[in-house]
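Below is structure-v3.pdb, holding PDB, C-alpha atoms.
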```pdb
ATOM      1  CA  MET F   1     152.586 218.855 149.972
ATOM      2  CA  PRO F   2     149.323 217.468 148.520
ATOM      3  CA  ILE F   3     147.233 218.837 151.399
ATOM      4  CA  VAL F   4     145.945 222.322 150.585
ATOM      5  CA  VAL F   5     144.476 224.742 153.108
ATOM      6  CA  ARG F   6     141.442 226.720 151.954
ATOM      7  CA  LEU F   7     141.123 228.859 155.032
ATOM      8  CA  ASP F   8     141.367 232.130 153.101
ATOM      9  CA  VAL F   9     138.392 231.091 150.943
ATOM     10  CA  MET F  10     136.310 230.356 154.027
ATOM     11  CA  LEU F  11     137.399 233.610 155.668
ATOM     12  CA  ALA F  12     136.306 235.533 152.566
ATOM     13  CA  ARG F  13     132.944 233.723 152.550
ATOM     14  CA  ARG F  14     132.346 234.547 156.196
ATOM     15  CA  LYS F  15     133.702 238.099 155.682
ATOM     16  CA  MET F  16     136.009 237.709 158.629
ATOM     17  CA  ARG F  17     139.523 239.088 159.053
ATOM     18  CA  SER F  18     142.486 236.886 159.930
ATOM     19  CA  ARG F  19     143.208 238.997 163.007
ATOM     20  CA  GLU F  20     139.732 238.389 164.417
ATOM     21  CA  LEU F  21     139.873 234.652 163.716
ATOM     22  CA  ALA F  22     143.324 234.353 165.319
ATOM     23  CA  ALA F  23     142.119 236.166 168.428
ATOM     24  CA  ARG F  24     138.994 234.026 168.722
ATOM     25  CA  VAL F  25     140.836 230.749 168.117
ATOM     26  CA  GLY F  26     143.588 231.729 170.528
ATOM     27  CA  ILE F  27     146.602 231.474 168.217
ATOM     28  CA  THR F  28     148.948 234.178 166.972
ATOM     29  CA  GLU F  29     148.328 235.958 163.680
ATOM     30  CA  GLN F  30     151.715 234.693 162.551
ATOM     31  CA  ASN F  31     150.660 231.081 163.103
ATOM     32  CA  LEU F  32     147.334 231.677 161.344
ATOM     33  CA  SER F  33     149.194 233.198 158.422
ATOM     34  CA  LEU F  34     151.478 230.126 158.267
ATOM     35  CA  LEU F  35     148.413 227.885 158.394
ATOM     36  CA  LYS F  36     146.729 229.839 155.567
ATOM     37  CA  SER F  37     149.804 229.519 153.386
ATOM     38  CA  GLY F  38     150.134 225.795 154.201
ATOM     39  CA  LYS F  39     153.615 226.276 155.650
ATOM     40  CA  VAL F  40     152.944 224.178 158.738
ATOM     41  CA  LYS F  41     153.595 220.513 159.410
ATOM     42  CA  GLY F  42     150.310 219.902 161.147
ATOM     43  CA  VAL F  43     147.153 221.278 162.725
ATOM     44  CA  ARG F  44     145.958 220.281 166.182
ATOM     45  CA  PHE F  45     142.425 218.846 166.312
ATOM     46  CA  GLU F  46     141.755 221.465 168.997
ATOM     47  CA  THR F  47     142.717 224.344 166.650
ATOM     48  CA  LEU F  48     140.820 222.798 163.745
ATOM     49  CA  GLY F  49     137.751 222.336 165.946
ATOM     50  CA  ARG F  50     137.827 225.973 167.101
ATOM     51  CA  ILE F  51     138.184 227.245 163.526
ATOM     52  CA  CYS F  52     135.285 225.057 162.361
ATOM     53  CA  GLU F  53     133.180 226.260 165.280
ATOM     54  CA  ILE F  54     133.883 229.937 164.614
ATOM     55  CA  LEU F  55     133.567 229.745 160.813
ATOM     56  CA  ASP F  56     130.629 227.330 161.083
ATOM     57  CA  CYS F  57     132.092 224.833 158.641
ATOM     58  CA  GLN F  58     133.490 221.309 158.369
ATOM     59  CA  PRO F  59     137.210 220.322 158.321
ATOM     60  CA  GLY F  60     136.711 219.277 154.691
ATOM     61  CA  ASP F  61     135.750 222.865 153.832
ATOM     62  CA  LEU F  62     139.151 224.012 155.093
ATOM     63  CA  LEU F  63     141.406 221.207 153.910
ATOM     64  CA  GLY F  64     141.688 219.464 150.590
ATOM     65  CA  TYR F  65     143.839 216.835 148.931
ATOM     66  CA  GLU F  66     145.443 217.612 145.562
ATOM     67  CA  PRO F  67     147.878 214.946 144.336
ATOM     68  CA  GLU F  68     151.265 216.367 143.396
ATOM     69  CA  GLY F  69     151.953 216.881 139.689
ATOM     70  CA  GLU F  70     148.413 217.803 138.867
TER      71      GLU F  70
ATOM     72  CA  MET V   1     155.726 227.835 177.963
ATOM     73  CA  ASP V   2     154.944 229.668 181.189
ATOM     74  CA  ASP V   3     156.650 233.085 180.967
ATOM     75  CA  THR V   4     157.354 233.233 184.704
ATOM     76  CA  LEU V   5     159.069 229.854 184.613
ATOM     77  CA  LEU V   6     161.014 230.810 181.484
ATOM     78  CA  SER V   7     162.216 234.092 182.999
ATOM     79  CA  ARG V   8     163.231 232.190 186.159
ATOM     80  CA  VAL V   9     165.218 229.745 184.002
ATOM     81  CA  ASN V  10     166.801 232.703 182.167
ATOM     82  CA  ARG V  11     167.779 234.406 185.429
ATOM     83  CA  SER V  12     169.198 231.318 187.134
ATOM     84  CA  SER V  13     171.043 230.386 183.925
ATOM     85  CA  ARG V  14     172.659 233.832 183.889
ATOM     86  CA  ARG V  15     173.915 233.215 187.428
ATOM     87  CA  MET V  16     175.135 229.714 186.534
ATOM     88  CA  ALA V  17     176.923 231.027 183.434
ATOM     89  CA  LEU V  18     178.660 233.663 185.555
ATOM     90  CA  THR V  19     179.596 231.036 188.171
ATOM     91  CA  PHE V  20     181.126 228.648 185.623
ATOM     92  CA  HIS V  21     182.969 231.408 183.763
ATOM     93  CA  GLY V  22     184.199 232.695 187.137
ATOM     94  CA  LEU V  23     185.404 229.218 188.142
ATOM     95  CA  ALA V  24     187.163 228.820 184.792
ATOM     96  CA  GLY V  25     188.847 232.198 185.313
ATOM     97  CA  LEU V  26     189.890 231.160 188.805
ATOM     98  CA  LEU V  27     191.457 227.955 187.463
ATOM     99  CA  VAL V  28     193.340 229.985 184.825
ATOM    100  CA  LEU V  29     194.776 232.058 187.692
ATOM    101  CA  VAL V  30     195.667 228.863 189.595
ATOM    102  CA  ALA V  31     197.443 227.457 186.510
ATOM    103  CA  LEU V  32     199.341 230.712 186.011
ATOM    104  CA  GLY V  33     200.149 230.774 189.734
ATOM    105  CA  VAL V  34     201.575 227.229 189.612
ATOM    106  CA  VAL V  35     203.730 228.114 186.595
ATOM    107  CA  ALA V  36     204.898 231.350 188.253
ATOM    108  CA  TRP V  37     205.637 229.512 191.514
ATOM    109  CA  GLY V  38     207.698 226.918 189.636
ATOM    110  CA  TRP V  39     209.556 229.717 187.862
ATOM    111  CA  LEU V  40     210.196 231.968 190.861
ATOM    112  CA  GLY V  41     210.527 229.451 193.704
ATOM    113  CA  PRO V  42     211.187 225.981 192.312
ATOM    114  CA  ASP V  43     212.605 224.666 195.617
ATOM    115  CA  SER V  44     209.545 225.629 197.661
ATOM    116  CA  LEU V  45     207.194 224.209 194.983
ATOM    117  CA  ALA V  46     209.223 220.973 194.885
ATOM    118  CA  HIS V  47     209.023 220.756 198.694
ATOM    119  CA  TYR V  48     205.268 221.438 198.558
ATOM    120  CA  VAL V  49     204.716 218.708 195.932
ATOM    121  CA  GLU V  50     206.855 216.232 197.914
ATOM    122  CA  THR V  51     205.021 216.836 201.200
ATOM    123  CA  VAL V  52     201.445 217.219 199.918
ATOM    124  CA  TYR V  53     201.292 214.755 197.011
ATOM    125  CA  GLN V  54     204.023 212.327 198.192
ATOM    126  CA  PRO V  55     204.876 211.222 194.685
ATOM    127  CA  GLY V  56     207.210 208.476 195.927
ATOM    128  CA  GLY V  57     210.489 210.138 195.074
ATOM    129  CA  ARG V  58     212.535 213.264 195.572
ATOM    130  CA  ILE V  59     212.093 216.105 193.134
ATOM    131  CA  ALA V  60     215.743 216.949 192.581
ATOM    132  CA  SER V  61     215.872 218.551 189.143
ATOM    133  CA  GLY V  62     214.181 221.383 187.329
ATOM    134  CA  TYR V  63     213.187 219.028 184.502
ATOM    135  CA  GLN V  64     211.268 216.850 186.943
ATOM    136  CA  LEU V  65     209.440 219.834 188.367
ATOM    137  CA  ALA V  66     208.727 221.233 184.889
ATOM    138  CA  GLY V  67     207.317 217.835 183.833
ATOM    139  CA  LEU V  68     205.028 217.603 186.849
ATOM    140  CA  VAL V  69     203.904 221.236 186.442
ATOM    141  CA  ALA V  70     203.208 220.610 182.742
ATOM    142  CA  LEU V  71     201.024 217.594 183.601
ATOM    143  CA  ALA V  72     199.125 219.608 186.217
ATOM    144  CA  VAL V  73     198.641 222.540 183.825
ATOM    145  CA  VAL V  74     197.323 220.275 181.036
ATOM    146  CA  ASN V  75     194.877 218.724 183.503
ATOM    147  CA  LEU V  76     193.762 222.171 184.662
ATOM    148  CA  GLY V  77     193.432 223.258 181.024
ATOM    149  CA  LEU V  78     191.020 220.397 180.314
ATOM    150  CA  TRP V  79     188.934 221.325 183.363
ATOM    151  CA  ILE V  80     188.933 224.994 182.294
ATOM    152  CA  ALA V  81     187.707 224.055 178.810
ATOM    153  CA  GLY V  82     184.931 221.933 180.354
ATOM    154  CA  LEU V  83     183.846 224.688 182.727
ATOM    155  CA  ARG V  84     183.837 227.269 179.922
ATOM    156  CA  SER V  85     181.677 224.957 177.791
ATOM    157  CA  LEU V  86     179.227 224.592 180.688
ATOM    158  CA  GLY V  87     179.223 228.389 181.086
ATOM    159  CA  ARG V  88     178.410 228.787 177.388
ATOM    160  CA  MET V  89     175.674 226.179 177.667
ATOM    161  CA  PHE V  90     174.017 228.161 180.473
ATOM    162  CA  HIS V  91     174.559 231.355 178.464
ATOM    163  CA  CYS V  92     172.384 229.794 175.714
ATOM    164  CA  PHE V  93     169.585 229.400 178.264
ATOM    165  CA  THR V  94     169.715 233.102 179.189
ATOM    166  CA  HIS V  95     168.237 234.340 175.905
ATOM    167  CA  THR V  96     166.453 231.398 174.290
ATOM    168  CA  GLU V  97     164.109 228.593 175.221
ATOM    169  CA  PRO V  98     165.838 225.743 177.090
ATOM    170  CA  LEU V  99     165.481 223.157 174.324
ATOM    171  CA  ASN V 100     167.879 224.316 171.641
ATOM    172  CA  HIS V 101     170.608 222.733 169.549
ATOM    173  CA  GLU V 102     173.323 225.199 170.566
ATOM    174  CA  ALA V 103     172.920 224.416 174.268
ATOM    175  CA  ALA V 104     172.958 220.677 173.503
ATOM    176  CA  ARG V 105     176.176 221.111 171.514
ATOM    177  CA  TRP V 106     177.870 222.957 174.402
ATOM    178  CA  MET V 107     176.666 220.351 176.893
ATOM    179  CA  ARG V 108     178.143 217.565 174.761
ATOM    180  CA  ARG V 109     181.422 219.495 174.446
ATOM    181  CA  ALA V 110     181.550 220.040 178.215
ATOM    182  CA  GLY V 111     181.012 216.312 178.730
ATOM    183  CA  GLN V 112     183.779 215.505 176.267
ATOM    184  CA  TRP V 113     186.209 217.918 177.967
ATOM    185  CA  PHE V 114     185.385 216.500 181.418
ATOM    186  CA  LEU V 115     185.779 212.966 180.076
ATOM    187  CA  ALA V 116     189.183 213.929 178.664
ATOM    188  CA  ALA V 117     190.121 215.561 181.996
ATOM    189  CA  SER V 118     189.037 212.483 183.965
ATOM    190  CA  LEU V 119     190.926 210.084 181.672
ATOM    191  CA  PHE V 120     193.966 212.366 181.741
ATOM    192  CA  ALA V 121     193.820 212.419 185.553
ATOM    193  CA  VAL V 122     193.932 208.600 185.553
ATOM    194  CA  PHE V 123     196.679 208.172 182.962
ATOM    195  CA  MET V 124     198.823 211.165 184.003
ATOM    196  CA  GLN V 125     199.766 209.073 187.037
ATOM    197  CA  VAL V 126     201.992 206.943 184.775
ATOM    198  CA  PRO V 127     204.313 209.724 183.548
ATOM    199  CA  GLY V 128     203.863 211.554 186.871
ATOM    200  CA  SER V 129     205.116 208.649 188.965
ATOM    201  CA  LEU V 130     207.942 207.947 186.503
ATOM    202  CA  ILE V 131     209.082 211.584 186.563
ATOM    203  CA  ALA V 132     208.890 211.688 190.377
ATOM    204  CA  SER V 133     210.869 208.451 190.807
ATOM    205  CA  LEU V 134     213.576 209.209 188.214
ATOM    206  CA  PRO V 135     216.232 210.224 190.795
ATOM    207  CA  ASN V 136     215.632 206.983 192.758
ATOM    208  CA  PRO V 137     218.351 204.359 192.490
ATOM    209  CA  ALA V 138     218.021 201.706 189.795
ATOM    210  CA  GLY V 139     215.344 199.184 190.719
ATOM    211  CA  GLU V 140     213.363 201.740 192.732
ATOM    212  CA  ARG V 141     211.993 203.681 189.784
ATOM    213  CA  PHE V 142     208.396 202.904 189.051
ATOM    214  CA  VAL V 143     205.253 203.681 187.125
ATOM    215  CA  ALA V 144     201.976 203.700 188.972
ATOM    216  CA  ILE V 145     198.329 203.904 187.981
ATOM    217  CA  GLY V 146     195.253 203.777 190.145
ATOM    218  CA  LEU V 147     191.551 204.388 189.946
ATOM    219  CA  ASP V 148     189.956 206.060 192.951
ATOM    220  CA  SER V 149     186.419 207.214 193.645
ATOM    221  CA  ASP V 150     187.153 210.774 192.397
ATOM    222  CA  HIS V 151     188.219 209.407 189.019
ATOM    223  CA  LEU V 152     185.146 207.187 188.812
ATOM    224  CA  ILE V 153     182.804 210.044 189.722
ATOM    225  CA  GLY V 154     184.479 212.238 187.080
ATOM    226  CA  LEU V 155     184.158 209.551 184.409
ATOM    227  CA  LEU V 156     180.531 208.733 185.258
ATOM    228  CA  THR V 157     179.517 212.414 185.447
ATOM    229  CA  SER V 158     181.100 213.241 182.103
ATOM    230  CA  LEU V 159     179.511 210.219 180.414
ATOM    231  CA  ALA V 160     176.143 211.185 181.920
ATOM    232  CA  LEU V 161     176.610 214.734 180.594
ATOM    233  CA  ILE V 162     177.291 213.415 177.076
ATOM    234  CA  ALA V 163     174.247 211.117 177.241
ATOM    235  CA  VAL V 164     171.983 213.952 178.482
ATOM    236  CA  ALA V 165     173.341 216.171 175.686
ATOM    237  CA  HIS V 166     172.203 213.606 173.102
ATOM    238  CA  ILE V 167     168.766 213.514 174.759
ATOM    239  CA  GLN V 168     168.669 217.330 174.772
ATOM    240  CA  GLU V 169     169.508 217.356 171.065
ATOM    241  CA  LEU V 170     166.667 214.947 170.325
ATOM    242  CA  ALA V 171     164.312 217.012 172.512
ATOM    243  CA  ALA V 172     165.334 220.168 170.631
ATOM    244  CA  LEU V 173     164.546 218.408 167.337
ATOM    245  CA  ILE V 174     161.109 217.340 168.594
ATOM    246  CA  HIS V 175     160.486 220.837 169.971
ATOM    247  CA  ALA V 176     161.382 222.431 166.623
ATOM    248  CA  GLU V 177     158.980 220.073 164.844
ATOM    249  CA  HIS V 178     156.295 220.718 167.460
ATOM    250  CA  ARG V 179     156.536 224.458 166.803
ATOM    251  CA  GLN V 180     155.460 223.821 163.222
ATOM    252  CA  ILE V 181     152.156 222.417 164.407
ATOM    253  CA  VAL V 182     149.562 225.127 165.052
TER     254      VAL V 182
END
```
Encoding of this model in structure tokens:
Amino acid sequence: MPIVVRLDVMLARRKMRSRELAARVGITEQNLSLLKSGKVKGVRFETLGRICEILDCQPGDLLGYEPEGE
Amino acid sequence: MDDTLLSRVNRSSRRMALTFHGLAGLLVLVALGVVAWGWLGPDSLAHYVETVYQPGGRIASGYQLAGLVALAVVNLGLWIAGLRSLGRMFHCFTHTEPLNHEAARWMRRAGQWFLAASLFAVFMQVPGSLIASLPNPAGERFVAIGLDSDHLIGLLTSLALIAVAHIQELAALIHAEHRQIV
């Protein structure tokens, strides 16, 4: 899929663990792990908003578009 | 999903599964009982069929009785298969979330068995009446077919079950997709 998730980069920048983020967002660690690896079909605006709020970033910092084959 | 609601669904489904499996078992006993009755006391069974079902003829031979018993047993068999499918459908709800493909598949099968049982109940009247009227004198033998409210309710219920099963399958598909959205 051409949409890439850069959540792990942002987590490293903010020096925050996945477990803490999952707990604060209100999703399971398993779901956060799936989101980090891009193995999900979609992200709710609500979840994205909470992540942006907690990590103090914009949706564009977490998601990117990389055309396939590049 | 609310855990309390889910556990309530699981519990009531367990009871429903037991009920349907119990009913299916009871019908198996009834079918075996009818066969045993025909084997051990054919005259009393013939008398019972003549007085209760009034098939429009005298049941004079063993072949007639065997034919009528066979029709009844096939009909019971179709009902048993339908009830067992419903039991298995409820069994699926005892350990998983309600919207799943397996439950939808069993619901569709139950509907198909009940549809077959309802159609068989309508069309078994043709061979049934012919078998019952075989000893009648020439010109008084007949074939009969009729559609009463029981048949219609059976047909409509089974068709509704099949339609709901398709909806359940679609809902399960949407649910599975929804789970992949975090």
*asked:* Could you tell me, as a list of chain:residue names, exactly which residues end up selected when the PyMOL selection byres ((chain V) within 6 of (chain F)) is applied to this structure?
replied: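 When the PyMOL selection byres ((chain V) within 6 of (chain F)) is applied to the shown file, the picked residues are V:Gln180, V:Ile181, V:Val182.
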*Is there a way to get, as a ChimeraX atom specification, all residues within 9 Å of the point (165.9, 221.6, 168.2) in file coordinates, counting all atoms listed in the file?*
/V:99-102,104,168-177
*For the atom pair CA of Asn75 (chain V) and CA of Ile167 (chain V), what is the interatomic distance in Å to one decimal place?*
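Between CA of Asn75 (chain V) and CA of Ile167 (chain V) the gap works out to 28.0 Å.
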*Translate the PyMOL selection byres ((chain V and resi 108-116) around 12), as applied to the file shown, into an explicit residue set as a ChimeraX atom specification.*
/V:20,74-90,101-107,117-124,151-169
*Starting from the shown file, work through the PyMOL selection byres ((chain F and resi 11) around 12) and note down what comes out as a list in words.*
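With the PyMOL selection byres ((chain F and resi 11) around 12) on this model, the match is Val5, Arg6, Leu7, Asp8, Val9, Met10, Ala12, Arg13, Arg14, Lys15, Met16, Arg17, Ser18, Arg19, Glu20, Leu21, Ala22, Leu32, Lys36, Ile51, Cys52, Ile54, Leu55, Asp56, Cys57, Asp61 and Leu62 of chain F.
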*Between CA of Glu29 (chain F) and CA of Arg50 (chain F), measure the distance and give it in Å to one decimal.*
14.9 Å
_Given all atoms listed in the file as the counted atoms, nearest of F:Gly49, F:Arg24, F:Ser37, F:Val4 to Tyr65 (chain F)_ = F:Val4
*asked:* Which residues are near Phe142 (chain V)? Cut-off 12 Å, all atoms listed in the file, ignore same chain within fewer than 6 positions. Put them as an MDAnalysis selection string.
replied: chainID V and resid 55:57 125:136
_Neighbour list for region 35-40 of chain V as a ChimeraX atom specification, cut-off 9 Å, all atoms listed in the file, skip fewer than 6 positions in-chain_ = /V:46,62,65-66,69-70,73
Please build the interface table for region 94-145 of chain V against region 1-13 of chain V with a cut-off of 9 Å, listing for each qualifying residue the nearest atom pair and the distance in Å to one decimal; count all atoms listed in the file, order rows by chain and increasing number, and write it as JSON lines.
```
{"residue": "V:Thr94", "atom": "CA", "partner": "V:Asn10", "partner_atom": "CA", "distance": 4.2}
{"residue": "V:His95", "atom": "CA", "partner": "V:Asn10", "partner_atom": "CA", "distance": 6.6}
{"residue": "V:Thr96", "atom": "CA", "partner": "V:Asn10", "partner_atom": "CA", "distance": 8.0}
{"residue": "V:Glu97", "atom": "CA", "partner": "V:Leu6", "partner_atom": "CA", "distance": 7.3}
{"residue": "V:Pro98", "atom": "CA", "partner": "V:Val9", "partner_atom": "CA", "distance": 8.0}
```
*Atom-to-atom span, CA of Leu68 (chain V) and CA of Gly33 (chain V), Å*: 14.3 Å
